[in-house]
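Source file query.txt; content: compact mmCIF, C-alpha atoms and all ligand atoms.
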```
# COMPACT_ATOMS: atom_id res chain seq x y z
CA MET K 1 1.67 -10.97 35.40
CA ILE K 2 1.10 -7.26 35.92
CA LYS K 3 -1.87 -7.30 33.57
CA GLN K 4 -3.49 -10.25 35.34
CA ASN K 5 -2.84 -8.78 38.76
CA VAL K 6 -4.36 -5.43 37.83
CA SER K 7 -7.48 -6.92 36.32
CA GLN K 8 -7.98 -9.19 39.30
CA ILE K 9 -7.65 -6.30 41.77
CA LEU K 10 -9.84 -3.96 39.73
CA GLY K 11 -12.45 -6.69 39.45
CA ASP K 12 -12.45 -7.16 43.22
CA LEU K 13 -12.58 -3.52 44.31
CA PRO K 14 -16.04 -2.24 45.25
CA ASP K 15 -17.45 0.69 43.28
CA GLY K 16 -16.11 3.99 44.46
CA VAL K 17 -12.78 2.65 45.70
CA GLN K 18 -9.80 3.98 43.75
CA LEU K 19 -6.65 1.98 43.15
CA VAL K 20 -3.27 3.67 43.46
CA ALA K 21 -0.45 1.53 42.04
CA ALA K 22 2.44 2.02 44.48
CA ALA K 23 5.39 2.09 42.10
CA LYS K 24 8.47 2.50 44.27
CA THR K 25 11.55 0.68 42.91
CA ARG K 26 9.71 -0.26 39.68
CA GLU K 27 11.00 0.54 36.22
CA PRO K 28 9.05 3.02 34.08
CA GLU K 29 8.17 0.19 31.68
CA GLU K 30 6.53 -1.75 34.51
CA VAL K 31 4.54 1.33 35.52
CA LEU K 32 3.48 1.80 31.91
CA GLU K 33 2.34 -1.81 31.74
CA ALA K 34 0.21 -1.32 34.84
CA VAL K 35 -1.36 1.78 33.33
CA GLU K 36 -2.03 0.02 30.05
CA SER K 37 -3.70 -2.72 32.12
CA GLY K 38 -6.17 -0.29 33.64
CA VAL K 39 -4.39 1.50 36.50
CA LYS K 40 -5.53 5.13 36.56
CA ILE K 41 -3.43 6.47 39.43
CA VAL K 42 0.27 5.90 40.06
CA GLY K 43 1.68 6.44 43.56
CA GLU K 44 5.31 7.48 43.84
CA ASN K 45 7.50 7.74 46.95
CA TYR K 46 10.43 9.50 45.33
CA VAL K 47 10.35 12.59 43.15
CA GLN K 48 13.27 11.45 41.04
CA GLU K 49 11.76 8.05 40.34
CA ALA K 50 8.48 9.76 39.51
CA GLU K 51 10.17 11.99 36.97
CA ARG K 52 11.56 8.95 35.14
CA ALA K 53 8.23 7.16 35.10
CA HIS K 54 6.38 10.35 34.21
CA GLU K 55 8.53 10.80 31.11
CA VAL K 56 7.34 7.42 29.87
CA VAL K 57 3.74 7.36 31.09
CA GLY K 58 2.88 11.07 31.12
CA ASN K 59 -0.77 12.00 31.48
CA ARG K 60 -2.08 8.54 30.71
CA ALA K 61 -2.28 8.28 34.52
CA ARG K 62 -2.82 10.60 37.43
CA TRP K 63 0.09 10.93 39.87
CA HIS K 64 -0.11 10.78 43.65
CA PHE K 65 2.86 11.47 45.87
CA ILE K 66 2.84 8.95 48.74
CA GLY K 67 6.35 9.22 50.21
CA TYR K 68 8.10 11.52 52.60
CA LEU K 69 8.32 14.91 50.90
CA GLN K 70 11.46 16.95 51.45
CA LYS K 71 11.14 20.68 51.22
CA ASN K 72 13.77 20.98 48.50
CA LYS K 73 11.77 18.59 46.29
CA VAL K 74 8.49 20.47 46.47
CA LYS K 75 9.16 22.68 43.46
CA LYS K 76 9.51 19.64 41.18
CA ALA K 77 6.79 17.68 42.94
CA VAL K 78 4.06 20.26 42.39
CA ARG K 79 4.64 20.10 38.63
CA ILE K 80 4.35 16.33 38.38
CA PHE K 81 1.75 15.39 40.95
CA ASP K 82 -2.04 15.67 40.92
CA MET K 83 -2.27 14.95 44.64
CA ILE K 84 0.12 14.87 47.58
CA GLU K 85 -1.11 12.30 50.11
CA THR K 86 1.50 12.84 52.80
CA VAL K 87 1.19 16.36 54.18
CA ASP K 88 2.03 16.28 57.87
CA SER K 89 3.19 19.76 58.83
CA VAL K 90 2.20 23.35 58.23
CA GLU K 91 5.76 23.97 57.00
CA ILE K 92 5.53 21.52 54.12
CA ALA K 93 1.98 22.69 53.38
CA GLY K 94 3.24 26.26 53.22
CA GLU K 95 5.98 25.32 50.77
CA ILE K 96 3.51 23.42 48.57
CA ASP K 97 1.23 26.47 48.65
CA ARG K 98 4.06 28.83 47.72
CA ARG K 99 5.30 26.67 44.83
CA CYS K 100 1.79 26.08 43.53
CA ALA K 101 1.06 29.80 43.59
CA GLN K 102 4.04 30.29 41.25
CA ILE K 103 2.49 27.99 38.65
CA ASN K 104 -1.17 28.88 39.26
CA LYS K 105 -2.13 25.49 40.57
CA VAL K 106 -4.30 24.39 43.47
CA MET K 107 -2.92 21.14 44.89
CA PRO K 108 -5.29 18.60 46.41
CA VAL K 109 -3.64 17.06 49.47
CA LEU K 110 -4.36 14.49 52.12
CA ILE K 111 -3.17 14.85 55.68
CA GLU K 112 -1.08 11.86 56.71
CA VAL K 113 -2.08 10.51 60.11
CA ASN K 114 0.38 8.62 62.29
CA SER K 115 -2.46 6.43 63.49
CA GLY K 116 -0.17 4.04 65.35
CA CYS K 117 1.33 6.97 67.27
CA GLU K 118 4.73 5.49 66.45
CA GLU K 119 7.86 7.45 67.14
CA GLN K 120 9.98 8.35 64.12
CA LYS K 121 7.06 7.65 61.79
CA SER K 122 5.86 10.29 59.38
CA GLY K 123 2.39 11.65 59.77
CA VAL K 124 0.73 13.83 62.34
CA LEU K 125 -0.58 12.39 65.58
CA PRO K 126 -4.37 11.86 65.62
CA GLU K 127 -4.97 14.57 68.24
CA ALA K 128 -3.13 17.15 66.09
CA VAL K 129 -4.93 16.52 62.80
CA GLU K 130 -7.78 18.97 63.33
CA GLN K 131 -5.44 21.80 64.21
CA LEU K 132 -3.29 21.14 61.14
CA ALA K 133 -6.38 21.00 58.92
CA ARG K 134 -7.49 24.39 60.25
CA GLU K 135 -4.05 25.88 59.59
CA ILE K 136 -3.86 24.52 56.05
CA SER K 137 -7.36 25.76 55.25
CA ALA K 138 -5.99 29.30 55.23
CA PHE K 139 -3.75 28.61 52.22
CA GLN K 140 -5.04 29.59 48.77
CA ASN K 141 -3.17 27.09 46.58
CA ILE K 142 -3.66 23.91 48.51
CA ARG K 143 -6.86 22.10 49.36
CA VAL K 144 -7.30 19.36 51.94
CA GLU K 145 -9.42 16.55 50.49
CA GLY K 146 -9.04 13.88 53.13
CA LEU K 147 -6.73 11.71 55.20
CA MET K 148 -4.12 9.06 54.54
CA THR K 149 -2.59 6.58 56.93
CA MET K 150 -0.04 3.78 56.78
CA GLY K 151 -0.61 2.37 60.24
CA PRO K 152 1.89 0.04 61.85
CA ARG K 153 3.11 -2.83 59.68
CA PHE K 154 1.74 -6.20 60.74
CA GLY K 155 1.82 -9.66 59.25
CA ASN K 156 -1.82 -10.16 60.16
CA PRO K 157 -4.12 -7.58 58.49
CA GLU K 158 -6.65 -7.86 61.34
CA ASP K 159 -4.07 -6.17 63.57
CA SER K 160 -4.34 -3.07 61.35
CA ARG K 161 -8.09 -2.75 61.81
CA PRO K 162 -8.09 -0.56 64.97
CA TYR K 163 -5.82 1.98 63.26
CA PHE K 164 -8.09 2.16 60.23
CA VAL K 165 -11.13 2.54 62.50
CA GLU K 166 -9.43 5.37 64.37
CA THR K 167 -8.50 7.17 61.15
CA LYS K 168 -12.04 6.84 59.78
CA ARG K 169 -13.42 8.26 63.01
CA LEU K 170 -11.13 11.26 62.65
CA PHE K 171 -12.10 11.63 58.99
CA ASP K 172 -15.81 11.77 59.88
CA ARG K 173 -15.24 14.19 62.72
CA ILE K 174 -13.31 16.65 60.56
CA ARG K 175 -15.82 16.34 57.75
CA LYS K 176 -18.61 17.34 60.12
CA LEU K 177 -16.76 20.52 61.04
CA ASN K 178 -17.33 21.82 57.49
CA LEU K 179 -14.13 23.82 57.55
CA HIS K 180 -13.63 26.49 54.92
CA ASN K 181 -11.61 25.26 51.89
CA ILE K 182 -11.64 21.67 53.11
CA GLU K 183 -13.61 18.95 51.42
CA MET K 184 -13.22 15.58 53.11
CA LYS K 185 -13.66 13.19 50.19
CA TYR K 186 -10.82 10.70 50.30
CA LEU K 187 -9.63 8.23 52.88
CA SER K 188 -6.44 6.52 51.70
CA MET K 189 -5.65 3.39 53.74
CA GLY K 190 -4.56 -0.14 53.07
CA MET K 191 -1.76 -1.81 51.14
CA THR K 192 -1.26 -5.27 49.65
CA ASN K 193 -1.78 -7.21 52.85
CA SER K 194 -4.36 -4.94 54.48
CA TYR K 195 -6.48 -3.32 51.79
CA LYS K 196 -9.50 -5.55 52.25
CA VAL K 197 -9.72 -4.69 55.94
CA ALA K 198 -9.14 -1.02 55.07
CA ILE K 199 -12.06 -1.02 52.63
CA GLU K 200 -14.31 -2.62 55.26
CA GLU K 201 -13.39 0.27 57.53
CA GLY K 202 -14.15 2.97 54.98
CA ALA K 203 -11.11 3.45 52.74
CA ASN K 204 -11.91 4.76 49.26
CA ILE K 205 -8.30 4.90 48.09
CA VAL K 206 -6.06 1.83 48.46
CA ARG K 207 -2.33 1.88 47.65
CA ILE K 208 -1.12 -1.43 46.31
CA GLY K 209 2.41 -2.32 45.22
CA SER K 210 3.55 -5.93 45.60
CA LYS K 211 0.23 -7.43 44.59
CA ILE K 212 0.51 -5.64 41.25
CA PHE K 213 4.22 -5.72 40.51
CA GLY K 214 5.47 -8.69 42.54
CA LYS K 215 7.88 -8.68 45.44
CA ARG K 216 10.08 -5.61 45.69
CA ASN K 217 13.80 -5.98 45.23
CA TYR K 218 15.34 -2.93 46.83
CA GLY K 219 18.79 -4.05 45.76
CA LYS K 220 18.43 -3.68 42.04
CA SER K 221 17.00 -0.20 41.94
CA GLN K 222 17.86 3.08 43.57
CA ALA K 223 15.50 3.26 46.50
CA SER K 224 16.18 6.87 47.38
CA ASP K 225 16.52 10.21 45.79
C1 LIG S 1 5.12 0.80 49.33
C2 LIG S 1 3.91 1.53 49.75
C3 LIG S 1 2.63 0.98 49.57
C4 LIG S 1 2.38 -0.38 48.95
O1 LIG S 1 2.92 -1.41 49.69
P1 LIG S 1 2.69 -2.95 49.26
O2 LIG S 1 2.79 -3.70 50.51
O3 LIG S 1 3.76 -3.27 48.26
O4 LIG S 1 1.34 -3.03 48.63
C5 LIG S 1 1.54 1.74 49.97
N1 LIG S 1 1.68 2.95 50.53
C6 LIG S 1 2.88 3.51 50.71
C7 LIG S 1 2.96 4.85 51.33
C8 LIG S 1 4.03 2.82 50.35
O5 LIG S 1 5.23 3.38 50.56
```

Spell out the structure here as C-alpha cells.
Amino acid sequence: MIKQNVSQILGDLPDGVQLVAAAKTREPEEVLEAVESGVKIVGENYVQEAERAHEVVGNRARWHFIGYLQKNKVKKAVRIFDMIETVDSVEIAGEIDRRCAQINKVMPVLIEVNSGCEEQKSGVLPEAVEQLAREISAFQNIRVEGLMTMGPRFGNPEDSRPYFVETKRLFDRIRKLNLHNIEMKYLSMGMTNSYKVAIEEGANIVRIGSKIFGKRNYGKSQASD
C-alpha cells in the first residue's frame, strides 16, 4: 500500500513541489518503505521517534522537524534534522543557533505561522512574523528559508483556502523585503485532506501522512516523547 500511495502522490504533484512524508506514530520499517518507494524527505513530530527511524533510514532521506520543539530537545534535534519547519519564537531560534554553532552547522528553518490566529496553537501570529524574521536574521547558525502553516483543521479543504492565501501573502511580502540572511524559498502548507488546495495557493512543500501510511492509530504507538 505504501508503495502505491507514494507513487500515486509523486505522480500527481506538480514539478517543484516537494513531498514530506509525515511519519508520526509510524514504525521505522514503514518509514523505510516510504523512502524506498521514492519519498525524499521525512517529517517527524517527535525527536525520540525520529531517532528510531533515523537509525534505520539514515541519510537515504532528508529529515524535517515538523512538531512542537521543546528547548531541551534542540541539542539532539540539530544533529538529526536538515530543516526545522516550526520555529515560532526568538527563544527557540536562539537555542537552535547556539546548538548549531557547537557543531558547525547552519540550520535552515521555516517560521511557523498561526494563520488561523487560534489560541493555544503553535506558530506566530501573522502580524508578528516579520518582526521574528528580522530578529532571527541576526543569528549566524540559522537561516530562514520560508514559512510553514498548519491552519485550522477542517473537514472541507476549501475552508482552509483563506488561511493558505493569507500565509502566501505574508511569504511574498517578506520575500520582497530582501532581509539579510533570509532567503524565502519554501512555503510548507497542506496535509492529506488539503494539499491540493494548498498547492493551488502556492505551497511548494506539502506534508502528507495518512494518504501515504493509512489512518493513524495513536493507541498502538507512543505518541509523545
Ligand atoms: C500529522 C501532520 C501532518 C500530516 O497529516 P495527515 O492528515 O496525516 O496528512 C502534516 N503536518 C504536520 C505538522 C503534522 O503534524

Within 10 Å of ligand LIG 1 (chain S), counting all atoms listed in the file, which protein or nucleic acid residues do you find, written as a PyMOL selection string? chain K and resi 20-25+43-46+65-68+85-86+112+148-151+153+188-195+206-216

Write out as a short mmCIF file (atom, residue, chain, number, x, y, z; two decimals) with C-alpha atoms, in the frame of the given file each polymer residue whose atoms come within 9 Å of Leu179 (chain K), counting all atoms listed in the file; drop sequence neighbours fewer than 5 positions from it.
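What follows is the written file selection.cif:
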```
data_model
loop_
_atom_site.label_atom_id
_atom_site.label_comp_id
_atom_site.auth_asym_id
_atom_site.auth_seq_id
_atom_site.Cartn_x
_atom_site.Cartn_y
_atom_site.Cartn_z
CA ALA K 133 -6.38 21.00 58.92
CA ARG K 134 -7.49 24.39 60.25
CA SER K 137 -7.36 25.76 55.25
CA ILE K 174 -13.31 16.65 60.56
#
```

Using only C-alpha atoms, which of the listed residues (K:Arg169, K:Arg99, K:Arg26, K:His64) sits closest to Val78 (chain K)?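 The closest residue to Val78 (chain K) is K:Arg99.
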
List as a PyMOL selection string the residues having at least one atom at most 12 Å from position (-1.6, 12.7, 62.4) as given in the file, counting all atoms listed in the file. chain K and resi 86-89+110-119+121-133+146-151+163+166-167+170-171

Nearest candidate to Ala138 (chain K) (options K:Asp97, K:Asp159, K:Glu49, K:Asp82; using only C-alpha atoms): K:Asp97

To one decimal in Å, tell me the separation between CA of Ile136 (chain K) and CA of Lys75 (chain K). 18.2 Å

Grab the CA of His54 (chain K) to CA of Glu91 (chain K) distance for me, in Å with one decimal place. 26.6 Å

Atomic separation - CA of Ile142 (chain K) relative to CA of Lys185 (chain K), Å: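 About the pair CA of Lys185 (chain K) and CA of Ile142 (chain K): they are 14.8 Å apart.
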
List the spatial neighbours of Val47 (chain K) as JSON, numbers by chain - criterion: any atom at most 10 Å away, only C-alpha atoms, same-chain residues fewer than 6 positions off excluded. {"K": [53, 65, 67, 68, 69, 70, 73, 74, 76, 77, 78, 80, 81, 224, 225]}

Find the residue from K:Arg52, K:Glu135, K:Ala203, K:Ala198 that sits nearest to Val90 (chain K); use all atoms listed in the file when measuring.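 Of K:Arg52, K:Glu135, K:Ala203, K:Ala198, the one nearest Val90 (chain K) is K:Glu135, counting all atoms listed in the file.
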
Residue contacts of Val106 (chain K) (12 Å, all atoms listed in the file) excluding same-chain residues fewer than 6 positions away, as JSON, numbers by chain: {"K": [78, 79, 81, 82, 83, 84, 93, 96, 97, 98, 99, 100, 139, 140, 141, 142, 143, 144, 145, 181]}

Could you write out as JSON the box around region 171-182 of chain K (axis-aligned, all atoms listed in the file, 8 Å on each side), with centre and edge lengths in Å to one decimal?
```
{"center_x": -15.1, "center_y": 19.1, "center_z": 57.3, "size_x": 23.0, "size_y": 30.9, "size_z": 26.8}
```

Skipping near chain neighbours, those fewer than 5 positions away, what residues fall within 12 Å of Val56 (chain K) using all atoms listed in the file, listed as a list in words?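 So the residues in contact are Glu27, Pro28, Glu29, Glu30, Val31, Leu32, Glu33, Val35, Glu36, Glu49, Ala50, Glu51 and Ala61 of chain K.
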